[in-house]
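Data block for entry14.csv (CSV, C-alpha atoms and all ligand atoms):
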chain,number,residue,atom,x,y,z
A,22,MET,CA,-283.5,0.1,47.9
A,23,ASN,CA,-282.1,3.5,47.2
A,24,ARG,CA,-284.5,6.2,48.4
A,25,ILE,CA,-285.2,9.5,46.6
A,26,VAL,CA,-286.0,12.6,48.6
A,27,SER,CA,-288.6,15.1,47.2
A,28,ALA,CA,-288.7,18.4,49.1
A,29,SER,CA,-292.2,19.8,49.4
A,30,ILE,CA,-291.8,23.6,49.1
A,31,LEU,CA,-295.3,24.1,50.6
A,32,SER,CA,-293.5,24.3,53.9
A,33,ALA,CA,-290.7,26.5,52.6
A,34,ASP,CA,-290.3,30.2,53.3
A,35,LEU,CA,-292.1,31.3,50.2
A,36,CYS,CA,-290.8,34.9,50.3
A,37,ASN,CA,-287.4,33.3,49.6
A,38,ILE,CA,-288.4,30.5,47.3
A,39,GLU,CA,-285.2,30.5,45.3
A,40,SER,CA,-282.9,30.2,48.3
A,41,GLU,CA,-285.2,27.6,49.9
A,42,ILE,CA,-284.9,25.5,46.7
A,43,LYS,CA,-281.1,25.9,46.7
A,44,ARG,CA,-281.1,24.8,50.4
A,45,ALA,CA,-283.0,21.7,49.5
A,46,GLU,CA,-280.8,20.9,46.6
A,47,LYS,CA,-277.6,21.4,48.6
A,48,ALA,CA,-279.0,19.2,51.3
A,49,GLY,CA,-279.2,16.4,48.7
A,50,CYS,CA,-282.9,16.4,47.6
A,51,GLU,CA,-283.2,15.0,44.1
A,52,TYR,CA,-286.7,16.2,43.6
A,53,ILE,CA,-288.6,19.4,44.3
A,54,HIS,CA,-292.3,18.6,45.1
A,55,PHE,CA,-294.7,21.3,43.9
A,56,ASP,CA,-298.2,21.0,45.4
A,57,VAL,CA,-301.0,22.5,43.4
A,58,MET,CA,-304.3,23.0,45.2
A,59,ASP,CA,-307.5,24.4,43.7
A,60,GLY,CA,-309.7,25.0,46.8
A,61,VAL,CA,-312.2,22.5,45.3
A,62,PHE,CA,-310.6,19.1,45.3
A,63,VAL,CA,-309.0,20.0,48.6
A,64,ASN,CA,-309.8,22.7,51.2
A,65,ASN,CA,-306.8,24.9,50.4
A,66,ILE,CA,-305.3,27.0,47.7
A,67,SER,CA,-301.6,27.0,47.1
A,68,TYR,CA,-299.8,28.2,43.9
A,69,GLY,CA,-299.9,27.3,40.3
A,70,ILE,CA,-298.6,27.8,36.8
A,71,PRO,CA,-296.8,31.2,37.0
A,72,VAL,CA,-294.9,30.1,40.2
A,73,LEU,CA,-293.9,26.8,38.6
A,74,LYS,CA,-292.5,28.6,35.6
A,75,SER,CA,-290.4,30.8,37.9
A,76,VAL,CA,-289.3,27.8,40.0
A,77,SER,CA,-288.3,25.8,36.9
A,78,LYS,CA,-285.8,28.6,36.0
A,79,VAL,CA,-283.9,28.3,39.2
A,80,THR,CA,-283.6,24.6,39.7
A,81,SER,CA,-282.1,21.6,37.9
A,82,ALA,CA,-283.7,19.2,40.3
A,83,VAL,CA,-286.6,17.0,39.1
A,84,LEU,CA,-289.8,19.0,39.3
A,85,ASP,CA,-292.3,16.7,40.9
A,86,VAL,CA,-295.7,18.3,40.4
A,87,HIS,CA,-298.6,17.0,42.6
A,88,LEU,CA,-302.0,18.2,41.2
A,89,MET,CA,-304.7,18.3,43.8
A,90,ILE,CA,-307.2,19.8,41.4
A,91,THR,CA,-310.5,18.8,40.0
A,92,ASP,CA,-310.6,17.6,36.4
A,93,PRO,CA,-306.8,17.7,35.9
A,94,ILE,CA,-306.8,17.0,32.2
A,95,ARG,CA,-307.7,20.7,31.6
A,96,TYR,CA,-304.3,21.9,32.8
A,97,ILE,CA,-301.8,19.1,31.8
A,98,LYS,CA,-300.5,21.1,28.8
A,99,GLN,CA,-299.9,24.2,30.9
A,100,PHE,CA,-298.1,22.4,33.7
A,101,ALA,CA,-296.0,20.3,31.2
A,102,GLU,CA,-295.0,23.5,29.4
A,103,SER,CA,-294.2,25.3,32.6
A,104,GLY,CA,-291.3,23.0,33.6
A,105,ALA,CA,-292.9,19.9,35.3
A,106,ASP,CA,-290.9,16.7,34.9
A,107,ILE,CA,-293.4,14.4,36.7
A,108,ILE,CA,-297.1,15.2,36.8
A,109,THR,CA,-299.2,13.4,39.4
A,110,PHE,CA,-302.9,13.7,39.4
A,111,HIS,CA,-305.5,12.2,41.8
A,112,TYR,CA,-307.6,9.2,40.8
A,113,GLU,CA,-310.6,10.8,42.7
A,114,ALA,CA,-310.4,14.0,40.6
A,115,ALA,CA,-310.3,12.5,37.1
A,116,SER,CA,-313.2,11.1,35.1
A,117,ASP,CA,-310.9,9.3,32.6
A,118,CYS,CA,-307.6,8.4,34.2
A,119,LYS,CA,-306.1,6.8,31.0
A,120,ALA,CA,-306.8,10.0,29.1
A,121,VAL,CA,-304.9,12.1,31.8
A,122,ILE,CA,-302.0,9.6,31.7
A,123,ASP,CA,-301.9,9.8,27.9
A,124,ALA,CA,-302.0,13.6,27.9
A,125,ILE,CA,-299.0,13.7,30.3
A,126,HIS,CA,-297.1,11.3,28.1
A,127,SER,CA,-297.9,13.3,25.0
A,128,PHE,CA,-295.8,16.1,26.4
A,129,GLY,CA,-292.9,13.7,27.2
A,130,LYS,CA,-293.5,13.9,30.9
A,131,LYS,CA,-293.7,11.2,33.5
A,132,ALA,CA,-297.2,10.3,34.8
A,133,GLY,CA,-298.1,9.6,38.4
A,134,MET,CA,-301.4,8.8,39.9
A,135,SER,CA,-302.3,9.3,43.5
A,136,VAL,CA,-305.0,8.1,45.9
A,137,LYS,CA,-306.2,9.6,49.2
A,138,PRO,CA,-306.0,7.4,52.3
A,139,GLY,CA,-309.6,6.2,51.9
A,140,THR,CA,-309.4,5.0,48.3
A,141,PRO,CA,-308.7,1.3,47.7
A,142,ILE,CA,-305.5,0.2,46.0
A,143,SER,CA,-307.5,-1.8,43.4
A,144,VAL,CA,-308.1,1.4,41.4
A,145,PHE,CA,-304.5,1.3,40.2
A,146,GLU,CA,-304.8,-2.1,38.5
A,147,PRO,CA,-306.0,-1.0,35.1
A,148,TYR,CA,-303.2,1.6,34.8
A,149,LEU,CA,-300.2,-0.3,36.1
A,150,ASP,CA,-298.6,-0.7,32.7
A,151,ASN,CA,-299.0,3.0,31.9
A,152,LEU,CA,-297.9,4.7,35.1
A,153,ASP,CA,-294.4,6.0,35.9
A,154,MET,CA,-295.1,6.6,39.6
A,155,ILE,CA,-297.7,5.7,42.2
A,156,LEU,CA,-298.3,8.2,45.0
A,157,ILE,CA,-299.9,6.8,48.2
A,158,MET,CA,-301.1,9.8,50.3
A,159,THR,CA,-300.2,9.1,53.9
A,160,VAL,CA,-302.3,12.1,55.1
A,161,GLU,CA,-305.5,13.6,53.7
A,162,PRO,CA,-304.3,15.9,51.0
A,163,GLY,CA,-304.6,19.7,51.5
A,164,PHE,CA,-302.2,20.7,54.2
A,165,GLY,CA,-298.6,20.3,55.3
A,166,GLY,CA,-297.6,19.4,58.8
A,167,GLN,CA,-300.2,16.7,59.5
A,168,GLY,CA,-299.6,13.4,61.3
A,169,PHE,CA,-298.8,10.3,59.3
A,170,ILE,CA,-301.8,7.9,59.0
A,171,TYR,CA,-300.4,4.5,59.9
A,172,GLU,CA,-303.2,2.5,58.2
A,173,THR,CA,-301.7,3.6,54.9
A,174,LEU,CA,-298.7,1.4,55.4
A,175,ASP,CA,-300.9,-1.6,54.5
A,176,LYS,CA,-301.8,0.1,51.3
A,177,ILE,CA,-298.1,0.5,50.4
A,178,ARG,CA,-297.5,-3.2,51.1
A,179,GLU,CA,-300.6,-4.1,49.1
A,180,ILE,CA,-299.6,-2.1,45.9
A,181,LYS,CA,-296.0,-3.3,46.3
A,182,SER,CA,-297.0,-6.9,46.3
A,183,ILE,CA,-299.3,-6.4,43.3
A,184,LEU,CA,-296.4,-4.8,41.4
A,185,ASP,CA,-294.0,-7.5,42.4
A,186,SER,CA,-296.4,-10.3,41.4
A,187,LYS,CA,-296.8,-8.7,38.0
A,188,GLY,CA,-293.1,-8.0,37.6
A,189,ILE,CA,-293.7,-4.3,37.2
A,190,SER,CA,-291.2,-1.8,38.7
A,191,VAL,CA,-293.1,1.4,39.1
A,192,PRO,CA,-291.7,3.5,42.1
A,193,ILE,CA,-294.0,4.1,45.0
A,194,GLN,CA,-294.0,7.7,46.5
A,195,VAL,CA,-295.3,8.6,49.9
A,196,ASP,CA,-296.5,12.1,50.8
A,197,GLY,CA,-297.7,13.5,54.2
A,198,GLY,CA,-296.3,13.2,57.7
A,199,ILE,CA,-292.9,11.9,56.4
A,200,ASN,CA,-290.1,12.1,58.9
A,201,ASP,CA,-287.1,9.9,59.8
A,202,VAL,CA,-289.3,7.3,61.5
A,203,THR,CA,-292.2,7.2,59.0
A,204,ALA,CA,-289.8,7.2,56.0
A,205,ALA,CA,-288.2,4.1,57.4
A,206,GLN,CA,-291.6,2.4,57.9
A,207,SER,CA,-292.8,3.4,54.5
A,208,ALA,CA,-289.6,2.2,52.9
A,209,GLU,CA,-289.9,-1.1,54.7
A,210,ALA,CA,-293.4,-1.4,53.3
A,211,GLY,CA,-292.1,-0.8,49.7
A,212,ALA,CA,-292.0,3.0,49.1
A,213,GLU,CA,-288.9,4.5,47.6
A,214,ILE,CA,-289.7,8.2,47.0
A,215,MET,CA,-290.1,10.2,50.2
A,216,VAL,CA,-291.9,13.6,50.0
A,217,ALA,CA,-291.2,15.7,53.0
A,218,GLY,CA,-292.2,19.3,53.7
A,219,SER,CA,-292.3,20.4,57.3
A,220,TYR,CA,-289.8,17.8,58.4
A,221,LEU,CA,-287.2,19.2,56.0
A,222,PHE,CA,-287.9,23.0,56.0
A,223,ASN,CA,-288.3,23.2,59.7
A,224,SER,CA,-285.1,21.3,60.3
A,225,PRO,CA,-282.1,23.2,61.7
A,226,ASP,CA,-279.8,20.8,59.7
A,227,MET,CA,-281.5,19.9,56.4
A,228,GLU,CA,-278.6,17.8,55.2
A,229,ARG,CA,-278.7,15.6,58.2
A,230,SER,CA,-282.5,15.3,57.9
A,231,VAL,CA,-282.3,14.3,54.3
A,232,ALA,CA,-279.7,11.6,55.3
A,233,LEU,CA,-282.1,10.4,58.0
A,234,LEU,CA,-284.9,10.1,55.4
A,235,ARG,CA,-282.7,7.7,53.5
A,236,LYS,CA,-281.6,5.6,56.5
B,301,LIG,C1,-300.3,17.7,51.4
B,301,LIG,C2,-299.2,17.8,50.4
B,301,LIG,C3,-297.9,17.5,50.9
B,301,LIG,C4,-297.4,18.4,52.0
B,301,LIG,C5,-296.6,17.5,52.9
B,301,LIG,O1,-301.5,17.7,50.8
B,301,LIG,O2,-299.5,17.0,49.3
B,301,LIG,O3,-296.9,17.5,49.8
B,301,LIG,O4,-296.6,19.5,51.6
B,301,LIG,O5,-296.2,18.1,54.0
B,301,LIG,P1,-295.6,17.4,55.3
B,301,LIG,O6,-294.4,16.7,54.9
B,301,LIG,O7,-295.4,18.6,56.2
B,301,LIG,O8,-296.7,16.5,55.8
B,302,ZN,ZN,-297.9,16.7,47.8
Give the structure from the file, written as structure tokens.
Amino acid sequence: MNRIVSASILSADLCNIESEIKRAEKAGCEYIHFDVMDGVFVNNISYGIPVLKSVSKVTSAVLDVHLMITDPIRYIKQFAESGADIITFHYEAASDCKAVIDAIHSFGKKAGMSVKPGTPISVFEPYLDNLDMILIMTVEPGFGGQGFIYETLDKIREIKSILDSKGISVPIQVDGGINDVTAAQSAEAGAEIMVAGSYLFNSPDMERSVALLRK
């Protein structure tokens, strides 16, 4: 399966965000992954709407927005109008997931839903016909540079087999601790969109690293 690479700019040099995004694009990343953290759903605060607006002006890559925020429905409109192409929210953070998905679609954007490593895959079942992407977190959300949690490979296999048995082709994204080795393992388990932050932005040769994520 053809893999897509989504560069998480959380690990980029944020003083030079435009040149970092150009570097990722030039290296072959199709998506730019934009992590939004509210300090409540996760123990960290990153960046939000004004930064996304600026980023959207300097890239033609797909803007892949990962909301790690409580009660995400409150901010769907603003993220949609600030340049997001895909908006992914967390199952654990939403009280009515279908309403969040519908809100994202009402702005013509793609809807993704994500689970933390400890959340069972069964929570996706009611929404499989409505989602455009499934994000399996392969670390606890909140920080870049963590080690891949190997138990999550079983979750990728599980959701992939559910999708296949129902004949649904929603892409599976993985995020956290992705490098050349864990990307290959995740792909083997059924994932096709690889989010990578520290592996790419700390690489001396990003183009080669992107190629390795696809291998
Ligand atoms: C973590 C974020 C990730 C993070 C990944 O909560 O969702 O997107 O930037 O960073 P790495 O690739 O360094 O694990
Ligand atoms: Zn992320």
Closest atom pairs, chain A residues within 12 Å of ligand ZN 302 (chain B), only C-alpha atoms and all ligand atoms, as JSON lines:
{"residue": "A:Ser27", "atom": "CA", "partner": "B:ZN302", "partner_atom": "ZN", "distance": 9.5}
{"residue": "A:Ala28", "atom": "CA", "partner": "B:ZN302", "partner_atom": "ZN", "distance": 9.4}
{"residue": "A:Ser29", "atom": "CA", "partner": "B:ZN302", "partner_atom": "ZN", "distance": 6.7}
{"residue": "A:Ile30", "atom": "CA", "partner": "B:ZN302", "partner_atom": "ZN", "distance": 9.3}
{"residue": "A:Leu31", "atom": "CA", "partner": "B:ZN302", "partner_atom": "ZN", "distance": 8.3}
{"residue": "A:Ser32", "atom": "CA", "partner": "B:ZN302", "partner_atom": "ZN", "distance": 10.7}
{"residue": "A:Tyr52", "atom": "CA", "partner": "B:ZN302", "partner_atom": "ZN", "distance": 12.0}
{"residue": "A:Ile53", "atom": "CA", "partner": "B:ZN302", "partner_atom": "ZN", "distance": 10.3}
{"residue": "A:His54", "atom": "CA", "partner": "B:ZN302", "partner_atom": "ZN", "distance": 6.5}
{"residue": "A:Phe55", "atom": "CA", "partner": "B:ZN302", "partner_atom": "ZN", "distance": 6.8}
{"residue": "A:Asp56", "atom": "CA", "partner": "B:ZN302", "partner_atom": "ZN", "distance": 4.9}
{"residue": "A:Val57", "atom": "CA", "partner": "B:ZN302", "partner_atom": "ZN", "distance": 7.9}
{"residue": "A:Met58", "atom": "CA", "partner": "B:ZN302", "partner_atom": "ZN", "distance": 9.3}
{"residue": "A:Val63", "atom": "CA", "partner": "B:ZN302", "partner_atom": "ZN", "distance": 11.6}
{"residue": "A:Ser67", "atom": "CA", "partner": "B:ZN302", "partner_atom": "ZN", "distance": 11.0}
{"residue": "A:Leu84", "atom": "CA", "partner": "B:ZN302", "partner_atom": "ZN", "distance": 12.0}
{"residue": "A:Asp85", "atom": "CA", "partner": "B:ZN302", "partner_atom": "ZN", "distance": 8.9}
{"residue": "A:Val86", "atom": "CA", "partner": "B:ZN302", "partner_atom": "ZN", "distance": 7.9}
{"residue": "A:His87", "atom": "CA", "partner": "B:ZN302", "partner_atom": "ZN", "distance": 5.3}
{"residue": "A:Leu88", "atom": "CA", "partner": "B:ZN302", "partner_atom": "ZN", "distance": 7.9}
{"residue": "A:Met89", "atom": "CA", "partner": "B:ZN302", "partner_atom": "ZN", "distance": 8.0}
{"residue": "A:Ile90", "atom": "CA", "partner": "B:ZN302", "partner_atom": "ZN", "distance": 11.7}
{"residue": "A:Ile108", "atom": "CA", "partner": "B:ZN302", "partner_atom": "ZN", "distance": 11.1}
{"residue": "A:Thr109", "atom": "CA", "partner": "B:ZN302", "partner_atom": "ZN", "distance": 9.1}
{"residue": "A:Phe110", "atom": "CA", "partner": "B:ZN302", "partner_atom": "ZN", "distance": 10.2}
{"residue": "A:His111", "atom": "CA", "partner": "B:ZN302", "partner_atom": "ZN", "distance": 10.7}
{"residue": "A:Gly133", "atom": "CA", "partner": "B:ZN302", "partner_atom": "ZN", "distance": 11.8}
{"residue": "A:Met134", "atom": "CA", "partner": "B:ZN302", "partner_atom": "ZN", "distance": 11.7}
{"residue": "A:Ser135", "atom": "CA", "partner": "B:ZN302", "partner_atom": "ZN", "distance": 9.6}
{"residue": "A:Val136", "atom": "CA", "partner": "B:ZN302", "partner_atom": "ZN", "distance": 11.3}
{"residue": "A:Lys137", "atom": "CA", "partner": "B:ZN302", "partner_atom": "ZN", "distance": 11.0}
{"residue": "A:Leu156", "atom": "CA", "partner": "B:ZN302", "partner_atom": "ZN", "distance": 9.0}
{"residue": "A:Ile157", "atom": "CA", "partner": "B:ZN302", "partner_atom": "ZN", "distance": 10.1}
{"residue": "A:Met158", "atom": "CA", "partner": "B:ZN302", "partner_atom": "ZN", "distance": 8.0}
{"residue": "A:Thr159", "atom": "CA", "partner": "B:ZN302", "partner_atom": "ZN", "distance": 10.0}
{"residue": "A:Val160", "atom": "CA", "partner": "B:ZN302", "partner_atom": "ZN", "distance": 9.7}
{"residue": "A:Glu161", "atom": "CA", "partner": "B:ZN302", "partner_atom": "ZN", "distance": 10.1}
{"residue": "A:Pro162", "atom": "CA", "partner": "B:ZN302", "partner_atom": "ZN", "distance": 7.2}
{"residue": "A:Gly163", "atom": "CA", "partner": "B:ZN302", "partner_atom": "ZN", "distance": 8.2}
{"residue": "A:Phe164", "atom": "CA", "partner": "B:ZN302", "partner_atom": "ZN", "distance": 8.7}
{"residue": "A:Gly165", "atom": "CA", "partner": "B:ZN302", "partner_atom": "ZN", "distance": 8.3}
{"residue": "A:Gly166", "atom": "CA", "partner": "B:ZN302", "partner_atom": "ZN", "distance": 11.3}
{"residue": "A:Gln167", "atom": "CA", "partner": "B:ZN302", "partner_atom": "ZN", "distance": 11.9}
{"residue": "A:Gln194", "atom": "CA", "partner": "B:ZN302", "partner_atom": "ZN", "distance": 9.9}
{"residue": "A:Val195", "atom": "CA", "partner": "B:ZN302", "partner_atom": "ZN", "distance": 8.8}
{"residue": "A:Asp196", "atom": "CA", "partner": "B:ZN302", "partner_atom": "ZN", "distance": 5.7}
{"residue": "A:Gly197", "atom": "CA", "partner": "B:ZN302", "partner_atom": "ZN", "distance": 7.2}
{"residue": "A:Gly198", "atom": "CA", "partner": "B:ZN302", "partner_atom": "ZN", "distance": 10.6}
{"residue": "A:Ile199", "atom": "CA", "partner": "B:ZN302", "partner_atom": "ZN", "distance": 11.0}
{"residue": "A:Ile214", "atom": "CA", "partner": "B:ZN302", "partner_atom": "ZN", "distance": 11.8}
{"residue": "A:Met215", "atom": "CA", "partner": "B:ZN302", "partner_atom": "ZN", "distance": 10.4}
{"residue": "A:Val216", "atom": "CA", "partner": "B:ZN302", "partner_atom": "ZN", "distance": 7.1}
{"residue": "A:Ala217", "atom": "CA", "partner": "B:ZN302", "partner_atom": "ZN", "distance": 8.5}
{"residue": "A:Gly218", "atom": "CA", "partner": "B:ZN302", "partner_atom": "ZN", "distance": 8.6}
{"residue": "A:Ser219", "atom": "CA", "partner": "B:ZN302", "partner_atom": "ZN", "distance": 11.6}
Residues within 9 Å of (-305.1, 9.7, 32.9), counting only C-alpha atoms, listed as a list in words: Pro93, Ile94, Phe110, Tyr112, Ala115, Ser116, Asp117, Cys118, Lys119, Ala120, Val121, Ile122, Asp123, Ala124, Ile125, Ala132, Gly133, Met134 and Tyr148 of chain A
For atom CA of A:Thr91 and atom CA of A:Asn64, the interatomic separation in Å (one decimal):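 Rounded to one decimal, the two atoms are 11.9 Å apart.
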For atom O8 of ligand LIG 301 (chain B) and atom CA of A:Ile170, the interatomic separation in Å (one decimal):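 Atom CA of A:Ile170 lies 10.5 Å from atom O8 of ligand LIG 301 (chain B).
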Which of A:Glu46, A:Glu209, A:Asp201, A:Glu172 sits closest to ligand LIG 301 (chain B) [using all atoms listed in the file]: A:Asp201
Among the residues A:Met22, A:Ala48, A:Leu234, A:Ala105, the one that comes closest to ligand LIG 301 (chain B) [using all atoms listed in the file]: A:Leu234
Between atom C1 of ligand LIG 301 (chain B) and atom CA of A:Ala205, distance in Å (one decimal): 19.2 Å
